[in-house]
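J.: This is the structure, below, for whatever I ask next.
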Amino acid sequence: MPPAASVRAARVQFAHESEAEFAHILDFYGISWLYEPSSFPLRRKGERILEAFTPDFFLPDLNLYIELTTLRQKLITEKNRKVRLLRELYPQVNVKLLNKKDYLRLLAKYGYGPPDAKKVPDIDRVLISASKIQRRVGELGAQISRDYSGRAPVAVGVLKGVFFFMADLLRHTSLPVSVDFMAISSYEGDSGGAVKILKDLDLNIAGQHVLLIEDIVDTGMTLNRILERLWSHRPASLKVCALLDKRARRLVDVPLDYIGFEVPDEFVVGYGLDYHQRYRNLPFIGILKHELLS
Ligand code: 5GP
């Protein structure tokens, strides 16, 4: 396994211009990489290695080797042969042969960069890529599984923003978990009134270990009301797991037991979070263009 360090393009002597360009793209989108960190023997005669293959890049975060092809067809055919052999001999190694169009597509698939500027013109930039989200959600799921080991908690999600996060998180837990949802009204201008419960719990949580799952905690006012409500049902314990913590804007000091990411004071969308009900289906979390926020 190569070291999980990263370098920046300016510090490396590349064999080809296209490799330097690719490294710059990776740097630009904050993806860690290593240049030619490993050689894989392909053919041996006794102890002697007759042929080896050294993929151009290793991307530790994606556990992926990349070989860039040049435009000359003869070289592409030769590289294809080597990659085929590499896959046969080292099936555990994840390797991709990329031309320029391919690697731009690959970056978009992992949620980096202009995701697909044509498809999501309203996004200013990607804040948290799809792969970063998945990695962190996996970590949280493992931590929750350890902390609740031997118990059967009730996971309560606050609709709607939480639906992707909750689904992914619970798939990463190895617990006999029950699931319930609440829906509450949000503040819509100065019309008086208070937070309304639009959908209350179906399950009785008295004496249960409850894990409340939230998409984002901003001022903390919503979560504060929900926690008051949940405590009134006398659960055995009550913890909070929030995907995003916009701590800079906190007004009410609510306890967060598990946090996915701290985010800056920006309006974010994607991975369940909306703006006027849109953008929930983006696989990454992005910052909406300021001019669109009215
Ligand atoms: P709080 O009561 O903590 O101020 O607000 C929490 C709720 O506001 C969240 O559950 C979410 O619905 C909404 N919210 C706060 N910040 C954002 C944001 O950056 N993006 C989106 N889409 N919703 C947000």
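Simple scheme: letters A, B, ... for chains in structure tokens order, numbers from 1 for residues in each chain, numbers from 1 for ligands in the order shown.
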Pick out the residues no farther than 7 Å from ligand 1, counting only C-alpha atoms and all ligand atoms, and list them as a ChimeraX atom specification.
T.: /A:161,214-223,266-269,273-275
J.: Those residues with all heavy atoms, as a short mmCIF file (atom, residue, chain, number, x, y, z; two decimals), in the first residue's frame please?
T.:
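This went into part_4.cif:
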```cif
data_model
loop_
_atom_site.label_atom_id
_atom_site.label_comp_id
_atom_site.auth_asym_id
_atom_site.auth_seq_id
_atom_site.Cartn_x
_atom_site.Cartn_y
_atom_site.Cartn_z
N GLY A 161 -35.12 17.01 4.95
CA GLY A 161 -33.71 17.12 4.54
C GLY A 161 -32.85 15.93 4.92
O GLY A 161 -31.80 15.70 4.34
N GLU A 214 -30.37 14.66 12.28
CA GLU A 214 -30.70 15.95 11.67
C GLU A 214 -29.81 16.18 10.45
O GLU A 214 -28.67 15.71 10.40
CB GLU A 214 -30.42 17.07 12.68
CG GLU A 214 -31.65 17.56 13.43
CD GLU A 214 -32.48 18.54 12.60
OE1 GLU A 214 -32.49 18.46 11.36
OE2 GLU A 214 -33.15 19.38 13.22
N ASP A 215 -30.31 16.95 9.50
CA ASP A 215 -29.48 17.29 8.35
C ASP A 215 -28.47 18.39 8.70
O ASP A 215 -27.27 18.22 8.54
CB ASP A 215 -30.35 17.70 7.14
CG ASP A 215 -31.38 18.78 7.48
OD1 ASP A 215 -31.46 19.21 8.65
OD2 ASP A 215 -32.11 19.20 6.57
N ILE A 216 -28.98 19.51 9.21
CA ILE A 216 -28.08 20.63 9.49
C ILE A 216 -28.58 21.38 10.73
O ILE A 216 -29.79 21.55 10.91
CB ILE A 216 -27.97 21.57 8.27
CG1 ILE A 216 -26.98 22.72 8.51
CG2 ILE A 216 -29.31 22.11 7.82
CD1 ILE A 216 -26.56 23.46 7.24
N VAL A 217 -27.65 21.77 11.56
CA VAL A 217 -27.99 22.60 12.72
C VAL A 217 -27.39 23.97 12.48
O VAL A 217 -26.18 24.11 12.30
CB VAL A 217 -27.47 21.99 14.05
CG1 VAL A 217 -27.88 22.86 15.22
CG2 VAL A 217 -28.00 20.57 14.22
N ASP A 218 -28.27 24.95 12.47
CA ASP A 218 -27.87 26.31 12.13
C ASP A 218 -27.93 27.14 13.42
O ASP A 218 -27.01 27.07 14.23
CB ASP A 218 -28.87 26.77 11.05
CG ASP A 218 -28.57 28.12 10.47
OD1 ASP A 218 -27.55 28.71 10.82
OD2 ASP A 218 -29.38 28.61 9.66
N THR A 219 -29.02 27.83 13.67
CA THR A 219 -29.13 28.58 14.94
C THR A 219 -29.32 27.63 16.12
O THR A 219 -29.04 27.99 17.26
CB THR A 219 -30.34 29.53 14.92
OG1 THR A 219 -31.54 28.75 14.81
CG2 THR A 219 -30.26 30.53 13.79
N GLY A 220 -29.82 26.44 15.85
CA GLY A 220 -30.07 25.46 16.92
C GLY A 220 -31.49 25.55 17.46
O GLY A 220 -31.90 24.76 18.32
N MET A 221 -32.27 26.49 16.96
CA MET A 221 -33.62 26.70 17.52
C MET A 221 -34.55 25.54 17.21
O MET A 221 -35.31 25.10 18.06
CB MET A 221 -34.18 28.03 17.03
CG MET A 221 -33.39 29.21 17.59
SD MET A 221 -34.21 30.78 17.44
CE MET A 221 -33.95 31.15 15.75
N THR A 222 -34.49 25.04 15.98
CA THR A 222 -35.35 23.91 15.61
C THR A 222 -35.02 22.70 16.47
O THR A 222 -35.90 22.09 17.07
CB THR A 222 -35.11 23.54 14.12
OG1 THR A 222 -35.20 24.72 13.34
CG2 THR A 222 -36.09 22.50 13.63
N LEU A 223 -33.74 22.38 16.53
CA LEU A 223 -33.31 21.20 17.28
C LEU A 223 -33.69 21.33 18.75
O LEU A 223 -34.13 20.37 19.38
CB LEU A 223 -31.79 21.03 17.12
CG LEU A 223 -31.17 19.84 17.85
CD1 LEU A 223 -31.80 18.53 17.39
CD2 LEU A 223 -29.67 19.80 17.61
N GLU A 266 -22.70 29.62 5.07
CA GLU A 266 -23.15 29.74 3.67
C GLU A 266 -24.41 28.92 3.55
O GLU A 266 -24.60 27.97 4.32
CB GLU A 266 -22.11 29.12 2.71
CG GLU A 266 -20.78 29.79 2.67
CD GLU A 266 -20.72 30.90 1.64
OE1 GLU A 266 -21.78 31.24 1.08
OE2 GLU A 266 -19.62 31.39 1.40
N PHE A 267 -25.25 29.23 2.59
CA PHE A 267 -26.45 28.42 2.39
C PHE A 267 -26.09 27.23 1.51
O PHE A 267 -25.64 27.40 0.38
CB PHE A 267 -27.57 29.24 1.76
CG PHE A 267 -28.89 28.52 1.84
CD1 PHE A 267 -29.64 28.57 3.00
CD2 PHE A 267 -29.34 27.76 0.79
CE1 PHE A 267 -30.84 27.87 3.11
CE2 PHE A 267 -30.54 27.06 0.87
CZ PHE A 267 -31.28 27.12 2.04
N VAL A 268 -26.27 26.04 2.05
CA VAL A 268 -25.85 24.85 1.31
C VAL A 268 -27.06 24.03 0.85
O VAL A 268 -28.12 24.06 1.49
CB VAL A 268 -24.91 23.95 2.15
CG1 VAL A 268 -23.60 24.65 2.41
CG2 VAL A 268 -25.56 23.52 3.46
N VAL A 269 -26.88 23.34 -0.25
CA VAL A 269 -27.94 22.46 -0.78
C VAL A 269 -27.32 21.14 -1.22
O VAL A 269 -26.11 21.02 -1.33
CB VAL A 269 -28.67 23.11 -2.00
CG1 VAL A 269 -29.47 24.32 -1.59
CG2 VAL A 269 -27.68 23.43 -3.11
N LEU A 273 -30.66 18.38 1.26
CA LEU A 273 -30.96 19.77 1.62
C LEU A 273 -31.48 20.54 0.41
O LEU A 273 -30.94 20.41 -0.69
CB LEU A 273 -29.71 20.45 2.17
CG LEU A 273 -29.30 19.94 3.54
CD1 LEU A 273 -27.80 19.81 3.64
CD2 LEU A 273 -29.82 20.86 4.61
N ASP A 274 -32.48 21.37 0.65
CA ASP A 274 -33.15 22.04 -0.48
C ASP A 274 -33.02 23.55 -0.43
O ASP A 274 -32.63 24.14 0.58
CB ASP A 274 -34.64 21.70 -0.45
CG ASP A 274 -35.37 22.46 0.66
OD1 ASP A 274 -34.87 22.45 1.80
OD2 ASP A 274 -36.41 23.08 0.38
N TYR A 275 -33.39 24.16 -1.54
CA TYR A 275 -33.73 25.57 -1.55
C TYR A 275 -35.04 25.64 -2.33
O TYR A 275 -35.08 25.26 -3.50
CB TYR A 275 -32.63 26.41 -2.24
CG TYR A 275 -33.00 27.87 -2.29
CD1 TYR A 275 -33.21 28.59 -1.10
CD2 TYR A 275 -33.16 28.54 -3.49
CE1 TYR A 275 -33.56 29.92 -1.13
CE2 TYR A 275 -33.51 29.88 -3.53
CZ TYR A 275 -33.71 30.56 -2.34
OH TYR A 275 -34.07 31.89 -2.36
#
```
J.: Name the residues of region 151-246 of chain A that fall into strand (DSSP E) according to DSSP on the backbone, using the chain letters and numbers of this document, as a ChimeraX atom specification.
T.: /A:154-159,178-184,197-199,209-217,237-245
J.: If we count only C-alpha atoms and set the cut-off at 10 Å, which residues sit around Gly138 (chain A), ignoring sequence neighbours fewer than 6 positions away in its own chain? Please answer as a list in words.
T.: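 Neighbouring residues, sequence-local ones excluded: Lys132, Ile144, Asp168, Leu169, Leu170, Arg171, His172 and Thr173 of chain A.
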J.: Just write the chosen residues, C-alpha atoms, as a PDB file, in the first residue's frame.
T.:
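Just written: again01.pdb:
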```
ATOM      1  CA  LYS A 132     -16.195  12.583   1.157  1.00  0.00           C
ATOM      2  CA  ILE A 144     -22.673   4.721  16.438  1.00  0.00           C
ATOM      3  CA  ASP A 168     -27.025   5.979   4.238  1.00  0.00           C
ATOM      4  CA  LEU A 169     -26.104   6.250   7.915  1.00  0.00           C
ATOM      5  CA  LEU A 170     -28.372   3.440   9.059  1.00  0.00           C
ATOM      6  CA  ARG A 171     -27.056   1.192   6.290  1.00  0.00           C
ATOM      7  CA  HIS A 172     -23.643   1.632   7.906  1.00  0.00           C
ATOM      8  CA  THR A 173     -24.818   0.602  11.357  1.00  0.00           C
TER       9      THR A 173
END
```
J.: When you look at Ile197 (chain A) with a cut-off of 9 Å (counting only C-alpha atoms), what residues show up, excluding the ones that are within fewer than 3 positions of it in the same chain? I need them as a PyMOL selection string.
T.: chain A and resi 182-185+200
J.: Kindly export the residues of the current selection with N, CA and C atoms, as a short mmCIF file (atom, residue, chain, number, x, y, z; two decimals), in the first residue's frame.
T.:
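The resulting file, out-v9.cif, is shown below:
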```cif
data_model
loop_
_atom_site.label_atom_id
_atom_site.label_comp_id
_atom_site.auth_asym_id
_atom_site.auth_seq_id
_atom_site.Cartn_x
_atom_site.Cartn_y
_atom_site.Cartn_z
N MET A 182 -40.17 12.59 12.23
CA MET A 182 -40.99 13.73 12.65
C MET A 182 -40.93 14.76 11.53
N ALA A 183 -41.99 15.53 11.43
CA ALA A 183 -41.95 16.67 10.50
C ALA A 183 -42.44 17.88 11.27
N ILE A 184 -41.76 18.99 11.08
CA ILE A 184 -42.14 20.21 11.80
C ILE A 184 -42.25 21.36 10.82
N SER A 185 -43.01 22.37 11.21
CA SER A 185 -43.13 23.54 10.33
C SER A 185 -41.90 24.41 10.53
N ASP A 200 -45.96 13.67 14.05
CA ASP A 200 -45.35 13.26 15.31
C ASP A 200 -44.85 11.81 15.20
#
```
J.: Name all residues at most 12 Å from region 134-136 of chain A (count only C-alpha atoms; drop same-chain ones fewer than 6 positions away) and give them as a count of residues only.
T.: 28
J.: Running DSSP on the backbone, which parts of region 74-225 of chain A land in alpha helix (DSSP H), as an mmCIF file with N, CA and C atoms, in the first residue's frame?
T.:
```
data_model
loop_
_atom_site.group_PDB
_atom_site.id
_atom_site.type_symbol
_atom_site.label_atom_id
_atom_site.label_comp_id
_atom_site.auth_asym_id
_atom_site.auth_seq_id
_atom_site.Cartn_x
_atom_site.Cartn_y
_atom_site.Cartn_z
ATOM 1 N N LYS A 74 -1.141 3.478 -30.893
ATOM 2 C CA LYS A 74 -0.240 2.352 -30.632
ATOM 3 C C LYS A 74 0.002 2.224 -29.120
ATOM 4 N N LEU A 75 0.201 3.368 -28.484
ATOM 5 C CA LEU A 75 0.462 3.356 -27.041
ATOM 6 C C LEU A 75 -0.785 2.943 -26.265
ATOM 7 N N ILE A 76 -1.930 3.381 -26.762
ATOM 8 C CA ILE A 76 -3.180 3.030 -26.065
ATOM 9 C C ILE A 76 -3.369 1.515 -26.066
ATOM 10 N N THR A 77 -3.126 0.891 -27.215
ATOM 11 C CA THR A 77 -3.272 -0.566 -27.323
ATOM 12 C C THR A 77 -2.330 -1.266 -26.352
ATOM 13 N N GLU A 78 -1.094 -0.794 -26.278
ATOM 14 C CA GLU A 78 -0.093 -1.378 -25.393
ATOM 15 C C GLU A 78 -0.503 -1.202 -23.921
ATOM 16 N N LYS A 79 -0.994 -0.031 -23.606
ATOM 17 C CA LYS A 79 -1.417 0.221 -22.223
ATOM 18 C C LYS A 79 -2.640 -0.622 -21.870
ATOM 19 N N ASN A 80 -3.531 -0.763 -22.826
ATOM 20 C CA ASN A 80 -4.716 -1.609 -22.591
ATOM 21 C C ASN A 80 -4.290 -3.027 -22.230
ATOM 22 N N ARG A 81 -3.293 -3.516 -22.958
ATOM 23 C CA ARG A 81 -2.810 -4.873 -22.705
ATOM 24 C C ARG A 81 -2.245 -4.974 -21.286
ATOM 25 N N LYS A 82 -1.453 -3.979 -20.897
ATOM 26 C CA LYS A 82 -0.833 -4.001 -19.568
ATOM 27 C C LYS A 82 -1.889 -3.909 -18.467
ATOM 28 N N VAL A 83 -2.866 -3.058 -18.685
ATOM 29 C CA VAL A 83 -3.907 -2.898 -17.664
ATOM 30 C C VAL A 83 -4.696 -4.202 -17.529
ATOM 31 N N ARG A 84 -4.969 -4.855 -18.663
ATOM 32 C CA ARG A 84 -5.690 -6.135 -18.621
ATOM 33 C C ARG A 84 -4.915 -7.168 -17.800
ATOM 34 N N LEU A 85 -3.613 -7.209 -18.071
ATOM 35 C CA LEU A 85 -2.740 -8.160 -17.367
ATOM 36 C C LEU A 85 -2.682 -7.827 -15.874
ATOM 37 N N LEU A 86 -2.565 -6.557 -15.582
ATOM 38 C CA LEU A 86 -2.518 -6.100 -14.181
ATOM 39 C C LEU A 86 -3.780 -6.539 -13.437
ATOM 40 N N ARG A 87 -4.921 -6.369 -14.078
ATOM 41 C CA ARG A 87 -6.197 -6.747 -13.436
ATOM 42 C C ARG A 87 -6.273 -8.247 -13.196
ATOM 43 N N GLU A 88 -5.724 -8.998 -14.158
ATOM 44 C CA GLU A 88 -5.732 -10.458 -14.004
ATOM 45 C C GLU A 88 -4.856 -10.892 -12.832
ATOM 46 N N LEU A 89 -3.656 -10.293 -12.772
ATOM 47 C CA LEU A 89 -2.676 -10.716 -11.753
ATOM 48 C C LEU A 89 -2.963 -10.144 -10.377
ATOM 49 N N LYS A 100 -8.586 12.009 -21.678
ATOM 50 C CA LYS A 100 -8.926 13.281 -21.042
ATOM 51 C C LYS A 100 -10.417 13.408 -20.740
ATOM 52 N N LYS A 101 -11.228 13.015 -21.714
ATOM 53 C CA LYS A 101 -12.674 13.121 -21.523
ATOM 54 C C LYS A 101 -13.123 12.226 -20.361
ATOM 55 N N ASP A 102 -12.531 11.043 -20.310
ATOM 56 C CA ASP A 102 -12.865 10.099 -19.233
ATOM 57 C C ASP A 102 -12.577 10.680 -17.859
ATOM 58 N N TYR A 103 -11.391 11.299 -17.712
ATOM 59 C CA TYR A 103 -11.058 11.719 -16.357
ATOM 60 C C TYR A 103 -11.867 12.925 -15.904
ATOM 61 N N LEU A 104 -12.261 13.770 -16.827
ATOM 62 C CA LEU A 104 -13.161 14.866 -16.429
ATOM 63 C C LEU A 104 -14.493 14.297 -15.954
ATOM 64 N N ARG A 105 -14.954 13.258 -16.652
ATOM 65 C CA ARG A 105 -16.202 12.599 -16.248
ATOM 66 C C ARG A 105 -16.059 11.927 -14.886
ATOM 67 N N LEU A 106 -14.904 11.332 -14.684
ATOM 68 C CA LEU A 106 -14.656 10.643 -13.411
ATOM 69 C C LEU A 106 -14.716 11.642 -12.242
ATOM 70 N N LEU A 107 -14.089 12.786 -12.440
ATOM 71 C CA LEU A 107 -14.109 13.792 -11.376
ATOM 72 C C LEU A 107 -15.537 14.203 -11.073
ATOM 73 N N ALA A 108 -16.318 14.410 -12.105
ATOM 74 C CA ALA A 108 -17.711 14.807 -11.909
ATOM 75 C C ALA A 108 -18.476 13.731 -11.158
ATOM 76 N N LYS A 109 -18.190 12.469 -11.487
ATOM 77 C CA LYS A 109 -18.895 11.359 -10.853
ATOM 78 C C LYS A 109 -18.643 11.346 -9.349
ATOM 79 N N ALA A 130 -19.288 13.969 -3.037
ATOM 80 C CA ALA A 130 -20.067 12.752 -2.753
ATOM 81 C C ALA A 130 -19.207 11.707 -2.057
ATOM 82 N N SER A 131 -17.956 11.563 -2.506
ATOM 83 C CA SER A 131 -17.118 10.511 -1.899
ATOM 84 C C SER A 131 -16.743 10.859 -0.468
ATOM 85 N N LYS A 132 -16.506 12.148 -0.214
ATOM 86 C CA LYS A 132 -16.195 12.583 1.157
ATOM 87 C C LYS A 132 -17.383 12.323 2.078
ATOM 88 N N ILE A 133 -18.587 12.619 1.575
ATOM 89 C CA ILE A 133 -19.795 12.388 2.385
ATOM 90 C C ILE A 133 -19.883 10.907 2.727
ATOM 91 N N GLN A 134 -19.719 10.064 1.711
ATOM 92 C CA GLN A 134 -19.895 8.625 1.936
ATOM 93 C C GLN A 134 -18.876 8.093 2.941
ATOM 94 N N ARG A 135 -17.650 8.590 2.830
ATOM 95 C CA ARG A 135 -16.607 8.131 3.757
ATOM 96 C C ARG A 135 -16.951 8.517 5.199
ATOM 97 N N ARG A 136 -17.373 9.765 5.367
ATOM 98 C CA ARG A 136 -17.680 10.255 6.721
ATOM 99 C C ARG A 136 -18.913 9.551 7.292
ATOM 100 N N VAL A 137 -19.916 9.334 6.442
ATOM 101 C CA VAL A 137 -21.134 8.659 6.903
ATOM 102 C C VAL A 137 -20.788 7.239 7.364
ATOM 103 N N GLY A 138 -19.877 6.591 6.650
ATOM 104 C CA GLY A 138 -19.421 5.256 7.046
ATOM 105 C C GLY A 138 -18.763 5.295 8.420
ATOM 106 N N GLU A 139 -17.927 6.318 8.639
ATOM 107 C CA GLU A 139 -17.245 6.451 9.936
ATOM 108 C C GLU A 139 -18.259 6.665 11.056
ATOM 109 N N LEU A 140 -19.228 7.542 10.786
ATOM 110 C CA LEU A 140 -20.251 7.812 11.817
ATOM 111 C C LEU A 140 -21.039 6.547 12.138
ATOM 112 N N GLY A 141 -21.406 5.803 11.083
ATOM 113 C CA GLY A 141 -22.171 4.567 11.280
ATOM 114 C C GLY A 141 -21.402 3.581 12.150
ATOM 115 N N ALA A 142 -20.085 3.479 11.908
ATOM 116 C CA ALA A 142 -19.264 2.545 12.689
ATOM 117 C C ALA A 142 -19.186 3.002 14.145
ATOM 118 N N GLN A 143 -19.035 4.311 14.328
ATOM 119 C CA GLN A 143 -18.929 4.855 15.691
ATOM 120 C C GLN A 143 -20.236 4.643 16.466
ATOM 121 N N ILE A 144 -21.356 4.899 15.799
ATOM 122 C CA ILE A 144 -22.673 4.721 16.438
ATOM 123 C C ILE A 144 -22.886 3.245 16.778
ATOM 124 N N SER A 145 -22.482 2.370 15.874
ATOM 125 C CA SER A 145 -22.631 0.926 16.134
ATOM 126 C C SER A 145 -21.842 0.521 17.374
ATOM 127 N N ARG A 146 -20.645 1.083 17.501
ATOM 128 C CA ARG A 146 -19.825 0.760 18.693
ATOM 129 C C ARG A 146 -20.486 1.317 19.950
ATOM 130 N N ASP A 147 -20.906 2.576 19.889
ATOM 131 C CA ASP A 147 -21.449 3.237 21.082
ATOM 132 C C ASP A 147 -22.752 2.606 21.554
ATOM 133 N N PHE A 163 -33.377 12.726 4.668
ATOM 134 C CA PHE A 163 -33.684 11.393 4.136
ATOM 135 C C PHE A 163 -32.502 10.657 3.512
ATOM 136 N N PHE A 164 -31.616 11.351 2.782
ATOM 137 C CA PHE A 164 -30.443 10.648 2.226
ATOM 138 C C PHE A 164 -29.491 10.242 3.339
ATOM 139 N N PHE A 165 -29.217 11.206 4.215
ATOM 140 C CA PHE A 165 -28.244 10.983 5.285
ATOM 141 C C PHE A 165 -28.687 9.827 6.179
ATOM 142 N N MET A 166 -29.952 9.844 6.570
ATOM 143 C CA MET A 166 -30.440 8.807 7.478
ATOM 144 C C MET A 166 -30.384 7.434 6.811
ATOM 145 N N ALA A 167 -30.800 7.389 5.563
ATOM 146 C CA ALA A 167 -30.787 6.104 4.842
ATOM 147 C C ALA A 167 -29.363 5.566 4.745
ATOM 148 N N ASP A 168 -28.414 6.428 4.389
ATOM 149 C CA ASP A 168 -27.025 5.979 4.238
ATOM 150 C C ASP A 168 -26.419 5.623 5.596
ATOM 151 N N LEU A 169 -26.691 6.473 6.583
ATOM 152 C CA LEU A 169 -26.104 6.250 7.915
ATOM 153 C C LEU A 169 -26.559 4.912 8.505
ATOM 154 N N LEU A 170 -27.856 4.660 8.429
ATOM 155 C CA LEU A 170 -28.372 3.440 9.059
ATOM 156 C C LEU A 170 -27.892 2.191 8.327
ATOM 157 N N ARG A 171 -27.612 2.333 7.027
ATOM 158 C CA ARG A 171 -27.056 1.192 6.290
ATOM 159 C C ARG A 171 -25.643 0.871 6.762
ATOM 160 N N MET A 221 -32.268 26.490 16.958
ATOM 161 C CA MET A 221 -33.616 26.704 17.522
ATOM 162 C C MET A 221 -34.550 25.542 17.205
ATOM 163 N N THR A 222 -34.490 25.043 15.983
ATOM 164 C CA THR A 222 -35.347 23.911 15.606
ATOM 165 C C THR A 222 -35.020 22.700 16.468
ATOM 166 N N LEU A 223 -33.737 22.382 16.529
ATOM 167 C CA LEU A 223 -33.310 21.202 17.277
ATOM 168 C C LEU A 223 -33.689 21.331 18.751
ATOM 169 N N ASN A 224 -33.548 22.511 19.283
ATOM 170 C CA ASN A 224 -33.885 22.754 20.683
ATOM 171 C C ASN A 224 -35.347 22.402 20.975
ATOM 172 N N ARG A 225 -36.244 22.830 20.077
ATOM 173 C CA ARG A 225 -37.684 22.538 20.252
ATOM 174 C C ARG A 225 -37.932 21.034 20.145
#
```
J.: When you count only C-alpha atoms, which of these residues is closest to Ile31 (chain A): A:Arg8, A:Arg48, A:Lys246, A:Lys96?
T.: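 Using only C-alpha atoms, Ile31 (chain A) sits closest to A:Arg8.
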